[in-house]
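First up is the structure itself, then whatever we jot down about it.
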Amino acid sequence: MHDPVDDMKVRVRCPECRTTFRERVRRVVHGDRIVCPRCHETMHFSGIDHHHVNEDVARFIHRVEERTCHSSVGY
Ligand SMILES: [Zn+2]
């Protein structure tokens, strides 16, 4: 089933140049390769749970951004 939350965008902060940009939730949660638009640093985020059916969307986005906007970048 398609979850529209997957098409939303979250903020990602590059650990290298600290640029903040926006990336689709789907790509972040699936651990796709994400490239910084400024310095081309490659990032992967792993271990982020998918959106749960009953989870508040704002809460979910916050949960994802806790990982993508801070220093806990997994390679
Ligand atoms: Zn960068």
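Residue numbering restarts at 1 in every chain; chains get A, B, ... in the order shown in the structure tokens, and ligands count up from 1 in that same order.
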Q: Counting only C-alpha atoms and all ligand atoms, name the residues that have an atom within 6 Å of an atom of ligand 1; the answer should be given as an MDAnalysis selection string.
A: chainID A and resid 14 16:19 36 38:41
Q.
Would you pick out the contacts of Phe60 in chain A at 12 Å or less, using only C-alpha atoms, so that residues sharing its chain but fewer than 3 positions from it are not included, and give the list as a ChimeraX atom specification?
A. /A:5-6,8-10,25,29,48-57,63-67
Q. DSSP says helix (DSSP H, G or I) for which residues of chain A? Put them as a list in words?
A.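 Checking each residue of chain A, the helix (DSSP H, G or I) ones are Pro4, Val5, Asp6, Asp7, Val25, Arg26, Arg27, Val28, Val29, Val57, Ala58, Arg59, Phe60, Ile61, His62, Arg63, Val64, Glu65, Glu66, Arg67 and Thr68 of chain A.
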N, CA and C atoms of the current selection, written as a JSON list (two decimals), in the first residue's frame:
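Saved to again11.json:
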[["chain", "number", "residue", "atom", "x", "y", "z"],
["A", 4, "PRO", "N", 1.38, 8.01, 1.53],
["A", 4, "PRO", "CA", 1.72, 9.36, 1.03],
["A", 4, "PRO", "C", 2.82, 10.04, 1.83],
["A", 5, "VAL", "N", 3.03, 9.57, 3.03],
["A", 5, "VAL", "CA", 4.09, 10.15, 3.85],
["A", 5, "VAL", "C", 5.45, 9.96, 3.19],
["A", 6, "ASP", "N", 5.59, 8.86, 2.44],
["A", 6, "ASP", "CA", 6.85, 8.57, 1.74],
["A", 6, "ASP", "C", 7.26, 9.68, 0.78],
["A", 7, "ASP", "N", 6.28, 10.42, 0.26],
["A", 7, "ASP", "CA", 6.57, 11.47, -0.71],
["A", 7, "ASP", "C", 6.88, 12.81, -0.07],
["A", 25, "VAL", "N", 11.32, 11.40, 2.07],
["A", 25, "VAL", "CA", 11.29, 10.46, 3.19],
["A", 25, "VAL", "C", 11.61, 9.05, 2.74],
["A", 26, "ARG", "N", 11.03, 8.67, 1.60],
["A", 26, "ARG", "CA", 11.21, 7.30, 1.12],
["A", 26, "ARG", "C", 12.69, 6.95, 0.97],
["A", 27, "ARG", "N", 13.43, 7.89, 0.39],
["A", 27, "ARG", "CA", 14.84, 7.62, 0.12],
["A", 27, "ARG", "C", 15.64, 7.53, 1.42],
["A", 28, "VAL", "N", 15.29, 8.38, 2.36],
["A", 28, "VAL", "CA", 16.01, 8.38, 3.63],
["A", 28, "VAL", "C", 15.75, 7.09, 4.40],
["A", 29, "VAL", "N", 14.47, 6.73, 4.48],
["A", 29, "VAL", "CA", 14.09, 5.55, 5.27],
["A", 29, "VAL", "C", 14.57, 4.26, 4.62],
["A", 57, "VAL", "N", 1.97, 12.08, 11.72],
["A", 57, "VAL", "CA", 2.93, 12.42, 10.68],
["A", 57, "VAL", "C", 4.00, 13.40, 11.19],
["A", 58, "ALA", "N", 3.57, 14.40, 11.92],
["A", 58, "ALA", "CA", 4.54, 15.38, 12.43],
["A", 58, "ALA", "C", 5.55, 14.72, 13.36],
["A", 59, "ARG", "N", 5.04, 13.77, 14.12],
["A", 59, "ARG", "CA", 5.91, 13.05, 15.04],
["A", 59, "ARG", "C", 6.92, 12.20, 14.27],
["A", 60, "PHE", "N", 6.43, 11.57, 13.20],
["A", 60, "PHE", "CA", 7.30, 10.75, 12.36],
["A", 60, "PHE", "C", 8.40, 11.59, 11.73],
["A", 61, "ILE", "N", 8.02, 12.72, 11.14],
["A", 61, "ILE", "CA", 8.99, 13.60, 10.50],
["A", 61, "ILE", "C", 10.04, 14.04, 11.51],
["A", 62, "HIS", "N", 9.58, 14.36, 12.68],
["A", 62, "HIS", "CA", 10.51, 14.78, 13.73],
["A", 62, "HIS", "C", 11.50, 13.65, 14.05],
["A", 63, "ARG", "N", 10.96, 12.46, 14.12],
["A", 63, "ARG", "CA", 11.78, 11.28, 14.44],
["A", 63, "ARG", "C", 12.86, 11.08, 13.36],
["A", 64, "VAL", "N", 12.46, 11.24, 12.10],
["A", 64, "VAL", "CA", 13.42, 11.07, 11.00],
["A", 64, "VAL", "C", 14.48, 12.17, 11.05],
["A", 65, "GLU", "N", 14.01, 13.40, 11.25],
["A", 65, "GLU", "CA", 14.95, 14.52, 11.24],
["A", 65, "GLU", "C", 15.91, 14.50, 12.43],
["A", 66, "GLU", "N", 15.51, 13.83, 13.47],
["A", 66, "GLU", "CA", 16.45, 13.66, 14.59],
["A", 66, "GLU", "C", 17.69, 12.91, 14.13],
["A", 67, "ARG", "N", 17.49, 12.07, 13.13],
["A", 67, "ARG", "CA", 18.60, 11.29, 12.60],
["A", 67, "ARG", "C", 19.33, 12.02, 11.47],
["A", 68, "THR", "N", 18.58, 12.71, 10.64],
["A", 68, "THR", "CA", 19.18, 13.30, 9.45],
["A", 68, "THR", "C", 19.75, 14.70, 9.66]]
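Shortest separation to Phe45 in chain A among A:His2, A:Arg24, A:Arg13, A:Arg33 occurs at residue A:Arg33, atoms counted being only C-alpha atoms.
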Q. Distance CA of Asp3 in chain A-CA of Pro15 in chain A, one decimal place?
A. 28.7 Å
**Q.** Sel. of strand (DSSP E or B) residues, chain A, as a list in words
**A.**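 Residues meeting the strand (DSSP E or B) criterion: Lys9, Val10, Arg11, Val12, Arg13, Thr20, Phe21, Arg22, Glu23, Arg24, Ile34, Val35, Thr42, Met43, His44 and Gly74 of chain A.
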Export C-alpha atoms of the chosen residues as a CSV table (one decimal), in the first residue's frame?
chain,number,residue,atom,x,y,z
A,9,LYS,CA,10.4,15.7,2.3
A,10,VAL,CA,12.6,16.0,5.4
A,11,ARG,CA,15.5,18.1,6.2
A,12,VAL,CA,19.0,16.5,5.9
A,13,ARG,CA,22.1,18.2,7.1
A,20,THR,CA,20.8,21.7,5.0
A,21,PHE,CA,18.7,20.4,2.1
A,22,ARG,CA,15.5,18.5,1.6
A,23,GLU,CA,15.2,14.9,0.6
A,24,ARG,CA,12.2,12.5,0.2
A,34,ILE,CA,21.9,10.6,-0.7
A,35,VAL,CA,24.3,13.1,-2.2
A,42,THR,CA,27.5,10.7,0.1
A,43,MET,CA,25.3,9.7,3.0
A,44,HIS,CA,23.3,6.7,4.0
A,74,GLY,CA,25.6,5.9,9.6
